[in-house]
Structures are given as C-alpha cells and as structure tokens.
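One file, entry-v7.cif, carrying mmCIF, C-alpha atoms:
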```cif
data_query
#
loop_
_atom_site.label_atom_id
_atom_site.label_comp_id
_atom_site.auth_asym_id
_atom_site.auth_seq_id
_atom_site.Cartn_x
_atom_site.Cartn_y
_atom_site.Cartn_z
CA MET A 1 138.94 135.17 138.50
CA GLY A 2 137.66 133.45 135.39
CA GLU A 3 137.16 129.78 134.69
CA GLU A 4 140.66 129.54 133.33
CA GLY A 5 142.20 130.98 136.50
CA GLY A 6 140.46 128.42 138.70
CA GLY A 7 141.88 125.71 136.44
CA ALA A 8 145.44 126.96 136.93
CA LEU A 9 145.05 126.80 140.68
CA LYS A 10 143.49 123.35 140.56
CA GLU A 11 146.38 122.14 138.43
CA THR A 12 148.81 123.40 141.06
CA LEU A 13 146.87 121.72 143.81
CA GLU A 14 147.50 118.34 142.23
CA PHE A 15 151.03 118.51 143.58
CA TYR A 16 149.76 118.72 147.14
CA SER A 17 148.31 116.01 149.32
CA GLY A 18 145.67 118.08 151.08
CA LYS A 19 147.20 118.39 154.55
CA ARG A 20 146.64 121.55 156.57
CA ASN A 21 150.34 122.31 156.86
CA GLU A 22 150.44 122.93 153.12
CA LEU A 23 148.28 126.01 153.47
CA ILE A 24 151.02 128.63 153.29
CA PRO A 25 152.83 127.17 150.25
CA ILE A 26 149.48 126.86 148.48
CA LEU A 27 148.56 130.44 149.29
CA GLN A 28 151.93 131.52 147.93
CA GLU A 29 151.31 129.60 144.72
CA ALA A 30 147.82 131.06 144.42
CA GLN A 31 149.21 134.53 144.87
CA GLY A 32 151.83 133.72 142.26
CA ILE A 33 149.06 132.88 139.79
CA TYR A 34 146.66 135.76 140.45
CA GLY A 35 148.88 138.39 142.05
CA TYR A 36 146.55 138.38 145.06
CA LEU A 37 144.17 136.01 146.79
CA PRO A 38 140.73 136.23 145.22
CA GLU A 39 137.82 134.93 147.25
CA ASP A 40 137.15 132.11 144.80
CA ALA A 41 140.73 130.91 145.18
CA ILE A 42 140.36 130.95 148.96
CA LYS A 43 137.23 128.83 148.59
CA ILE A 44 139.01 126.31 146.36
CA ILE A 45 141.92 126.11 148.81
CA ALA A 46 139.62 125.73 151.82
CA ASP A 47 137.76 122.90 150.08
CA PHE A 48 140.99 121.23 149.09
CA LEU A 49 142.49 121.30 152.59
CA LYS A 50 139.12 120.61 154.23
CA ILE A 51 139.37 123.64 156.49
CA THR A 52 136.98 126.54 156.83
CA LEU A 53 137.14 129.76 154.84
CA GLY A 54 137.76 131.60 158.09
CA GLU A 55 140.89 129.60 158.81
CA VAL A 56 142.36 130.39 155.39
CA TYR A 57 141.42 134.03 155.80
CA SER A 58 142.96 134.10 159.26
CA VAL A 59 146.33 132.93 157.91
CA ALA A 60 146.13 135.09 154.80
CA SER A 61 145.40 138.21 156.81
CA PHE A 62 148.20 137.54 159.29
CA TYR A 63 151.08 137.55 156.85
CA ASN A 64 152.10 140.71 155.11
CA GLN A 65 153.10 138.74 152.02
CA PHE A 66 149.48 137.83 151.26
CA ARG A 67 147.09 140.31 149.72
CA LEU A 68 143.38 140.08 149.56
CA ILE A 69 143.03 142.95 147.13
CA PRO A 70 144.72 143.01 143.73
CA LEU A 71 148.06 144.76 143.33
CA GLY A 72 148.83 147.32 140.70
CA ARG A 73 151.12 146.42 137.81
CA ASN A 74 153.93 148.31 139.50
CA THR A 75 154.60 148.12 143.20
CA VAL A 76 156.25 151.12 144.77
CA THR A 77 157.75 150.26 148.13
CA ILE A 78 159.03 153.13 150.20
CA CYS A 79 161.34 152.30 153.05
CA ARG A 80 160.60 154.05 156.29
CA GLY A 81 163.11 152.24 158.45
CA THR A 82 165.17 154.18 160.96
CA ALA A 83 167.96 155.19 158.58
CA CYS A 84 165.57 156.19 155.79
CA HIS A 85 163.29 157.97 158.23
CA ILE A 86 166.12 160.13 159.48
CA ARG A 87 167.29 160.91 155.98
CA GLY A 88 163.87 162.05 154.84
CA ALA A 89 161.55 159.11 154.14
CA PRO A 90 158.48 161.09 155.29
CA GLN A 91 159.13 163.71 152.60
CA ILE A 92 159.62 160.97 150.01
CA VAL A 93 156.34 159.36 151.06
CA ASP A 94 154.57 162.71 150.72
CA GLU A 95 156.13 163.44 147.38
CA ILE A 96 155.45 160.05 145.80
CA GLY A 97 151.98 160.09 147.30
CA LYS A 98 151.29 163.38 145.53
CA VAL A 99 152.74 162.23 142.21
CA LEU A 100 150.77 159.01 142.16
CA ASN A 101 147.81 160.53 143.94
CA LEU A 102 147.76 157.59 146.34
CA LYS A 103 147.94 157.01 150.05
CA GLU A 104 149.91 154.24 151.70
CA GLY A 105 148.54 150.82 150.91
CA GLU A 106 146.36 152.07 148.07
CA THR A 107 146.26 151.00 144.45
CA SER A 108 145.49 153.44 141.69
CA GLU A 109 142.19 153.06 139.87
CA ASP A 110 143.85 152.15 136.59
CA MET A 111 145.70 149.36 138.46
CA GLU A 112 149.02 150.87 137.38
CA TYR A 113 150.61 151.55 140.78
CA THR A 114 150.40 150.26 144.32
CA LEU A 115 152.04 152.34 147.01
CA GLU A 116 153.25 150.68 150.15
CA THR A 117 155.73 151.38 152.90
CA VAL A 118 157.88 148.87 154.71
CA ALA A 119 159.89 148.95 157.90
CA CYS A 120 163.19 148.25 156.15
CA ILE A 121 164.19 147.24 152.65
CA GLY A 122 167.63 146.28 153.88
CA CYS A 123 169.90 148.80 152.20
CA CYS A 124 170.27 151.43 154.88
CA ALA A 125 173.51 152.70 153.32
CA LEU A 126 171.42 153.97 150.40
CA ALA A 127 168.91 155.78 152.61
CA PRO A 128 166.41 157.09 151.81
CA CYS A 129 165.47 154.45 149.29
CA VAL A 130 162.50 153.38 147.26
CA LYS A 131 161.91 150.06 145.56
CA ILE A 132 159.94 150.10 142.34
CA ASN A 133 159.06 146.55 141.40
CA HIS A 134 162.41 144.85 141.95
CA LYS A 135 164.67 147.81 141.34
CA ILE A 136 166.02 149.84 144.22
CA HIS A 137 166.55 153.58 143.91
CA GLY A 138 168.73 154.88 146.70
CA CYS A 139 170.12 158.15 148.08
CA LEU A 140 167.04 160.04 146.96
CA GLU A 141 166.57 163.72 147.53
CA PRO A 142 163.31 165.60 147.56
CA GLY A 143 162.44 166.31 143.93
CA GLN A 144 164.25 163.27 142.61
CA ALA A 145 161.56 160.86 143.59
CA THR A 146 159.17 162.45 141.10
CA GLY A 147 161.55 161.68 138.26
CA LEU A 148 161.25 157.97 138.89
CA PHE A 149 157.80 157.92 137.39
CA ASN A 150 156.85 158.41 133.78
CA ILE A 151 153.55 159.87 134.77
CA ALA A 152 155.10 162.81 136.61
CA PRO A 153 154.43 165.46 133.93
CA ARG A 154 150.85 164.34 133.52
CA ALA A 155 150.30 164.48 137.26
CA GLU A 156 151.70 168.00 137.39
CA SER A 157 149.53 169.22 134.53
CA ASN A 158 146.53 167.87 136.39
CA MET B 159 143.61 108.43 189.37
CA ASP B 160 146.91 109.42 190.91
CA LYS B 161 146.88 112.31 193.31
CA VAL B 162 149.64 114.69 194.28
CA THR B 163 149.94 117.03 197.21
CA LEU B 164 151.36 120.48 196.83
CA THR B 165 151.39 123.71 198.76
CA ILE B 166 149.75 126.78 197.27
CA ASP B 167 150.01 129.92 199.36
CA GLU B 168 150.76 127.86 202.47
CA LYS B 169 147.67 125.75 201.90
CA GLN B 170 147.98 122.00 201.43
CA VAL B 171 146.22 121.05 198.22
CA VAL B 172 145.54 117.55 196.94
CA THR B 173 144.89 117.38 193.26
CA ASP B 174 144.95 115.25 190.18
CA LYS B 175 148.39 114.29 188.86
CA GLU B 176 147.55 115.55 185.36
CA SER B 177 146.16 118.94 186.33
CA ASN B 178 148.04 122.21 186.15
CA ILE B 179 148.77 124.70 188.91
CA LEU B 180 146.05 127.11 187.79
CA THR B 181 143.29 124.49 187.87
CA ALA B 182 144.51 123.18 191.22
CA SER B 183 144.38 126.63 192.82
CA LEU B 184 141.05 127.60 191.32
CA GLU B 185 139.53 124.33 192.52
CA ASN B 186 140.73 125.15 196.01
CA GLY B 187 139.43 128.66 196.06
CA ILE B 188 142.74 130.41 195.46
CA TYR B 189 142.26 132.99 192.74
CA ILE B 190 144.96 133.52 190.15
CA PRO B 191 144.11 136.15 187.52
CA HIS B 192 143.68 134.63 184.08
CA LEU B 193 142.04 135.56 180.81
CA CYS B 194 142.94 132.95 178.22
CA TYR B 195 142.32 129.90 180.38
CA TYR B 196 138.92 128.33 180.25
CA SER B 197 138.08 125.06 181.93
CA GLY B 198 137.95 122.29 179.35
CA LEU B 199 139.98 124.09 176.71
CA GLU B 200 143.67 123.58 176.09
CA PRO B 201 145.29 126.63 177.74
CA PRO B 202 146.84 128.70 174.96
CA GLY B 203 149.03 130.52 177.49
CA ILE B 204 148.81 133.88 175.77
CA CYS B 205 147.48 136.26 178.42
CA ARG B 206 150.52 135.78 180.66
CA LEU B 207 148.59 136.81 183.73
CA CYS B 208 148.64 133.56 185.66
CA VAL B 209 152.29 133.89 186.66
CA VAL B 210 153.21 132.24 189.94
CA ASP B 211 156.35 131.61 191.90
CA VAL B 212 157.41 127.96 192.20
CA SER B 213 160.34 127.81 194.64
CA GLY B 214 161.85 130.95 193.19
CA ASP B 215 161.09 130.20 189.51
CA ILE B 216 158.50 132.28 187.75
CA VAL B 217 156.22 130.05 185.70
CA PHE B 218 152.87 130.34 183.95
CA SER B 219 150.54 128.31 186.06
CA CYS B 220 148.16 127.31 183.26
CA ARG B 221 150.96 125.56 181.37
CA SER B 222 152.73 124.02 184.37
CA LYS B 223 151.83 120.54 185.59
CA VAL B 224 151.60 119.99 189.34
CA LYS B 225 154.32 117.98 191.05
CA GLU B 226 154.49 116.26 194.41
CA GLY B 227 155.76 118.60 197.11
CA MET B 228 155.66 121.70 194.92
CA VAL B 229 155.61 125.01 196.80
CA VAL B 230 153.64 127.67 194.91
CA LYS B 231 153.24 131.31 195.82
CA THR B 232 150.56 133.11 193.84
CA ARG B 233 151.60 136.51 195.10
CA SER B 234 155.01 137.97 195.79
CA PRO B 235 156.51 141.34 194.89
CA VAL B 236 158.18 139.86 191.78
CA VAL B 237 155.08 137.97 190.64
CA ASP B 238 152.85 140.99 191.20
CA LYS B 239 155.18 143.22 189.21
CA ILE B 240 155.33 140.82 186.26
CA ARG B 241 151.58 140.37 186.31
CA GLU B 242 151.04 144.11 186.52
CA VAL B 243 153.21 144.76 183.47
CA ASN B 244 151.64 141.91 181.49
CA PHE B 245 148.20 143.21 182.32
CA GLU B 246 149.11 146.75 181.36
CA ILE B 247 150.27 145.52 177.96
CA ILE B 248 146.87 143.93 177.39
CA MET B 249 144.99 146.93 178.70
CA ALA B 250 146.96 149.43 176.65
CA ASN B 251 145.11 148.09 173.61
CA ASN B 252 141.80 147.93 175.36
CA HIS B 253 139.41 150.73 175.99
CA MET B 254 138.57 150.93 179.66
CA SER B 255 135.24 152.65 179.78
CA CYS B 256 132.91 150.30 181.59
CA LYS B 257 129.89 152.56 181.47
CA GLY B 258 127.03 150.90 179.65
CA CYS B 259 129.06 147.79 178.87
CA ALA B 260 127.07 144.57 178.73
CA ALA B 261 129.72 142.75 180.76
CA THR B 262 129.70 145.04 183.80
CA GLY B 263 129.56 142.88 186.88
CA PHE B 264 131.05 139.68 185.57
CA CYS B 265 133.88 141.21 183.54
CA GLU B 266 137.19 139.43 184.12
CA VAL B 267 139.13 142.55 183.24
CA GLN B 268 137.35 144.54 185.96
CA LYS B 269 138.12 141.78 188.41
CA ILE B 270 141.79 141.65 187.47
CA MET B 271 142.05 145.43 187.45
CA ALA B 272 140.87 145.42 191.05
CA PHE B 273 143.14 142.51 191.91
CA CYS B 274 146.26 144.12 190.46
CA LYS B 275 145.22 147.62 191.57
CA THR B 276 145.96 148.80 188.05
CA ASP B 277 146.72 152.48 187.65
CA LYS B 278 144.36 153.57 184.86
CA LYS B 279 146.22 156.79 184.22
CA ARG B 280 149.47 154.93 183.71
CA VAL B 281 147.81 152.54 181.26
CA ARG B 282 146.31 155.42 179.27
CA ARG B 283 149.80 156.79 178.73
CA LEU B 284 150.84 153.50 177.15
CA ARG B 285 147.95 153.55 174.75
CA PRO B 286 148.61 153.76 171.01
CA PRO B 287 146.74 156.71 169.53
CA GLU B 288 143.57 156.62 167.47
CA LYS B 289 142.36 153.16 167.94
CA GLN B 290 138.67 152.83 167.51
CA PHE B 291 137.26 149.87 165.69
CA PRO B 292 133.66 149.95 164.56
CA ILE B 293 131.39 147.35 166.12
CA ASP B 294 131.17 144.28 163.89
CA GLU B 295 127.53 143.45 163.37
CA SER B 296 128.02 141.03 160.50
CA ASN B 297 127.10 137.94 162.44
CA PRO B 298 123.35 137.40 162.69
CA TYR B 299 123.60 136.11 166.27
CA PHE B 300 126.04 138.34 168.08
CA ASP B 301 127.87 141.65 167.92
CA TYR B 302 131.60 141.97 168.31
CA ASP B 303 133.37 144.99 169.74
CA ALA B 304 137.08 144.79 168.96
CA ASN B 305 137.79 147.71 171.28
CA LYS B 306 136.89 145.61 174.28
CA CYS B 307 138.41 142.38 173.07
CA VAL B 308 141.45 141.15 175.00
CA LEU B 309 142.29 138.51 172.34
CA CYS B 310 142.23 135.76 174.92
CA GLU B 311 141.40 133.09 172.35
CA VAL B 312 138.63 131.59 174.49
CA CYS B 313 135.96 132.16 171.83
CA VAL B 314 138.26 130.98 169.02
CA GLY B 315 139.29 127.92 171.02
CA THR B 316 135.68 127.16 171.85
CA CYS B 317 134.57 127.46 168.26
CA ASN B 318 137.53 125.39 167.08
CA LYS B 319 136.02 122.47 168.95
CA ILE B 320 132.63 123.03 167.40
CA GLN B 321 132.49 124.67 164.01
CA LYS B 322 135.72 126.60 163.42
CA ALA B 323 133.65 129.59 162.43
CA LEU B 324 135.49 132.16 164.55
CA ASN B 325 139.09 133.00 163.81
CA PHE B 326 141.66 135.63 164.53
CA VAL B 327 142.12 138.01 161.66
CA GLY B 328 145.00 140.40 161.14
CA ARG B 329 148.08 140.85 163.22
CA GLY B 330 149.45 142.91 166.08
CA TRP B 331 147.15 145.57 167.48
CA LYS B 332 144.92 145.19 164.46
CA THR B 333 144.07 141.62 165.39
CA LYS B 334 140.37 140.96 165.64
CA VAL B 335 138.15 137.99 166.08
CA GLU B 336 136.13 137.58 162.95
CA PHE B 337 133.51 135.46 161.53
CA HIS B 338 134.41 134.92 157.92
CA GLY B 339 132.76 133.18 155.06
CA ASP B 340 129.47 131.39 154.99
CA THR B 341 127.29 132.54 157.89
CA SER B 342 125.38 129.26 157.89
CA ILE B 343 128.45 127.60 159.38
CA CYS B 344 127.66 129.19 162.78
CA GLU B 345 125.48 126.87 164.83
CA LYS B 346 124.17 129.65 167.06
CA CYS B 347 125.27 127.70 170.13
CA GLY B 348 126.22 130.93 171.88
CA ASP B 349 129.17 129.36 173.69
CA CYS B 350 131.57 132.01 172.43
CA VAL B 351 129.33 134.77 173.76
CA ALA B 352 128.77 133.02 177.08
CA ARG B 353 132.47 132.39 177.57
CA CYS B 354 133.74 135.84 176.56
CA PRO B 355 135.44 137.11 179.73
CA VAL B 356 134.78 140.72 178.74
CA GLY B 357 132.05 142.55 176.87
CA ALA B 358 133.50 142.01 173.40
CA LEU B 359 131.11 139.34 172.19
CA VAL B 360 127.58 140.18 173.16
CA PRO B 361 124.27 138.74 172.06
CA LYS B 362 122.53 140.58 169.27
CA GLY B 363 119.75 142.68 170.68
CA LYS B 364 118.42 140.73 173.61
CA ALA B 365 119.01 137.21 172.44
CA GLN B 366 118.29 134.56 175.00
CA ILE B 367 121.86 133.67 175.69
CA GLN B 368 122.60 133.65 179.39
CA LYS B 369 126.02 134.54 180.63
CA SER B 370 127.63 131.79 182.66
CA ALA B 371 129.06 132.88 185.99
#
```
Could you show the structure in this file as structure tokens?
Amino acid sequence: MGEEGGGALKETLEFYSGKRNELIPILQEAQGIYGYLPEDAIKIIADFLKITLGEVYSVASFYNQFRLIPLGRNTVTICRGTACHIRGAPQIVDEIGKVLNLKEGETSEDMEYTLETVACIGCCALAPCVKINHKIHGCLEPGQATGLFNIAPRAESN
Amino acid sequence: MDKVTLTIDEKQVVTDKESNILTASLENGIYIPHLCYYSGLEPPGICRLCVVDVSGDIVFSCRSKVKEGMVVKTRSPVVDKIREVNFEIIMANNHMSCKGCAATGFCEVQKIMAFCKTDKKRVRRLRPPEKQFPIDESNPYFDYDANKCVLCEVCVGTCNKIQKALNFVGRGWKTKVEFHGDTSICEKCGDCVARCPVGALVPKGKAQIQKSA
C-alpha cells in the first residue's frame, strides 16, 4: 500500500465518527479500496477506532468476506454445495485446479487468478456451477470447465 | 446487601441477591462443571457445561440469577445427558493426551472428564480428521497450544480488562487465541496463563508464573 492508498482510506474514514461498531463497514470500505486488507490499513483503522490491532484482526479473520492476502484479478469460485457435489463438483475442482495450477484458496503468482470454493452459490438448478468474477457458468461437464479459461492451451503445452 | 435463600441439591444456601446459581453453588462447595466461567469476569456462557435443573427447566447456571425459594438440581439424568453431549462437542476438537502436559493435575478438562465419566473412545469417533496445529511461540512470554485450547474465553476476557492483547482469531474449528500486532502491548502480567483452565497457555520455558489453584 503506497502513500496514495493510505490517503484514500483516510478520506473514507472522514465519514465515520470513530465508534467501535463502525468496524465492519470500515473494513468493507477498506477492502473495496485495496481488494484486501493490508496490514497498514488495519493499523490506520485500529488507530481511528482506538482499538487494538488484535481486535481488528480478530474480526477480519472471522468473516469470510474479508481477506488478509491480496486477491487475483479474477476470482474463480467453485460451488461445492450438496447439489453441485453430487453432480460432480469434485471433478470440476480437480480440473480447474490443474488448469490454473492452483489449490483451493490460492492465488496464482502473476496475481491473475484466485481459486476458492464455497458451500453454495445459490443456483443449485444449474449444478455443477462455477462463478468467474460475477458471471455464473452452470451445468458444467468435465472437460468444459477448461474452456472457461483463456490460458487453457498454454497450461496444456506446459 | 440483600440476601436470598435457595435450595441447591437439597442444601439450603443463602447468597447474595445479585449472584448467579453457579457462583452460589461453588461458594457452598457444590461443584458444577464449568470452563468459561471465571470469578470476577462476566460469564460469556459459551462452554454450556454448567447446565442445571431449576424446577424442571434446564438453564445455564452461570447466566441465571438466583431467586428466593429457587430449587436447583445440579445433577439429574436429563442434566447429565445434556452436559455430557456439550462436553463431547468441546472435546471432539481437543486432543486428549495428557501425558507430559503442563496442566496435568489442575486441568479442568481432566476434572470434568472424571465428573461426567466421559467415554474417550466415543469422543474420538466424533473427532474431525487431521487437526494438528503447531505450537504458537510468537509471544515472548508464553507458548500457546491450540490443540489443547477449549476456547473458553477466560484468557481473552482477562486480557480484555487489561490490555486487549489476546483475541480470538478465525472461525469454527480453526478458531485460535492469538496475540496479534505489537508485542510490546503485552504487559507480561501472566494472568492469562495462570487462569487457563487447561494446558493451552503455558509459560515460556520455566517462567516464574505460578498457576493459581
């Protein structure tokens, strides 16, 4: 986080009064600015709300929506809810994992992709489904998942 | 201060109007298993072990105020069953090997295990697989073993009153107690270590922190 980034957060903080119950909205705003919660941002927020770093970290680590490590430019979310699981989510996870060369929860080195799995995306009728950024790809079959990514041929040639 | 009289396990008990059932029984030598309650701290009511029967209602004694003429039973088949299940849920996420543990002898979990006559084999079957946290040695004053931690909140609650250095981190079975941020914030008072009911927080090396009884 550069100087400029800290400024953006401080600007946002001007809208808040500094009470502890504003922690979650502030964390959400900070994540909106940086895409994750850098340590410097946590420090600024802790100072602003007059709570300890540990308290901010405790809240940030509890909620799935907050990330302490940066996300890739594209987020690939694979559903492994009951319906998707039965219709082959494990194979989809394997396949996408191979294509992107990532494990669950990891981000590629070039910061292009982050692979994550969730308990349910909420479109069980389209099982098994995958969400790439905000677009949902449903009714996938093994082999199709690879086609969702531009990098597939490169990954195969490797 | 106003006093009230109540009956706990057929014993007449006179206690303070503001106290709760758990404090009243402990003061009068009637043991009710508990992990998250610590005298002087606000009971978080998360261990769910201090269940008692109050005229047929099952309540958590640490969060229930005493009332005049109350009839409390600390043991009954229903209470014992509920306590047993609640304890098994805690123990399923806890390793149970006491050998070499610093807390052997004063460990609350050992005491409750004996009290509830917990079936270790049954608990092992409930255990989620592959849970082994490394020992956290990041604090200069104590070591933390998440495998033994029962997440009772006593250390966190204690530190909240002092420095707010210790906090829960994570969620679900991955929850840990962690010391995060600037290490200079810890005042080295050792209260968290002394109050830990199990062997999760232990002094670093042989620090001169004595365990309270």
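Any residue of chain A with an atom no more than 12 Å from chain B counts as a contact; using all atoms listed in the file, that gives Glu39, Asp40, Ile42, Lys43, Ala46, Lys50, Ile51, Thr52, Leu53, Gly54, Glu55, Val56, Tyr57, Ser58, Val59, Ala60, Ser61, Phe62, Tyr63, Asn64, Phe66, Arg67 and Leu68 of chain A.
CA of Phe245 (chain B) is found 8.0 Å from CA of Cys205 (chain B).
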Which protein, DNA or RNA residues are at most 12 Å from (124.6, 141.4, 161.1) in the file's coordinates when you count all atoms listed in the file, listed as a short mmCIF file (atom, residue, chain, number, x, y, z; two decimals) with C-alpha atoms, in the coordinates of the input?
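Contents of point-v1.cif, freshly written:
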```cif
data_model
loop_
_atom_site.label_atom_id
_atom_site.label_comp_id
_atom_site.auth_asym_id
_atom_site.auth_seq_id
_atom_site.Cartn_x
_atom_site.Cartn_y
_atom_site.Cartn_z
CA ILE B 293 131.39 147.35 166.12
CA ASP B 294 131.17 144.28 163.89
CA GLU B 295 127.53 143.45 163.37
CA SER B 296 128.02 141.03 160.50
CA ASN B 297 127.10 137.94 162.44
CA PRO B 298 123.35 137.40 162.69
CA TYR B 299 123.60 136.11 166.27
CA PHE B 300 126.04 138.34 168.08
CA ASP B 301 127.87 141.65 167.92
CA TYR B 302 131.60 141.97 168.31
CA PHE B 337 133.51 135.46 161.53
CA THR B 341 127.29 132.54 157.89
CA PRO B 361 124.27 138.74 172.06
CA LYS B 362 122.53 140.58 169.27
CA GLY B 363 119.75 142.68 170.68
#
```
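Computed from the coordinates, the CA of Ala89 (chain A) to CA of Ile132 (chain A) distance equals 14.9 Å.
Here the PyMOL selection byres ((chain A and resi 140) around 9) catches exactly these residues: A:Gly88, A:Ile92, A:Leu126, A:Ala127, A:Pro128, A:Cys129, A:Val130, A:His137, A:Gly138, A:Cys139, A:Glu141, A:Pro142, A:Gly143, A:Gln144, A:Ala145.
CA of Asn251 (chain B) sits 24.5 Å away from CA of Thr82 (chain A).
When the PyMOL selection byres ((chain A and resi 105) around 7) is evaluated on the file shown here, the picked residues come out as Lys103, Glu104, Glu106, Thr107, Thr114, Leu115 and Glu116 of chain A.
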Those same residues, written as a JSON list (two decimals), in the coordinates of the input with C-alpha atoms?
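Output (selection_38.json):
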```json
[["chain", "number", "residue", "atom", "x", "y", "z"],
["A", 103, "LYS", "CA", 147.94, 157.01, 150.05],
["A", 104, "GLU", "CA", 149.91, 154.24, 151.70],
["A", 106, "GLU", "CA", 146.36, 152.07, 148.07],
["A", 107, "THR", "CA", 146.26, 151.00, 144.45],
["A", 114, "THR", "CA", 150.40, 150.26, 144.32],
["A", 115, "LEU", "CA", 152.04, 152.34, 147.01],
["A", 116, "GLU", "CA", 153.25, 150.68, 150.15]]
```
Mind checking which residues fall within 7 Å of region 12-25 of chain A, counting only C-alpha atoms, ignoring those fewer than 3 positions away in the same chain, and posting them as a count of residues only? 6
With the PyMOL selection byres ((chain B and resi 356-360) around 8) as the selection, what would be picked from this file? Answer as a ChimeraX atom specification, please. /B:259-262,264-267,300-308,350-351,354-355,361-362
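The nearest approach to Gly122 (chain A) among the residues A:Cys79, A:Ser108, A:Gly147, A:Ile96, with only C-alpha atoms taken into account, belongs to A:Cys79.
Of the listed residues A:Pro90, A:Gly81, A:Gly97, A:Pro38, the one whose atoms come nearest to Ile69 (chain A) is A:Pro38, with distances taken using only C-alpha atoms.
When only C-alpha atoms are used to measure the gap to Lys231 (chain B), the shortest distance among B:Lys169, B:Lys346, B:Arg206, B:Arg283 belongs to B:Lys169.
Proximity to Pro70 (chain A) was assessed for A:Leu148, A:Leu27, A:Cys124, A:Met111 counting all atoms listed in the file; the smallest distance is recorded for A:Met111.
Among the candidates A:Ala125, A:Val76, A:Ile86, A:Leu71, the residue lying nearest to Glu109 (chain A) is A:Leu71 (atoms considered: only C-alpha atoms).
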Which residues are near Lys225 (chain B)? Cut-off 10 Å, only C-alpha atoms, ignore same chain within fewer than 6 positions. Put them as a count of residues only. 11
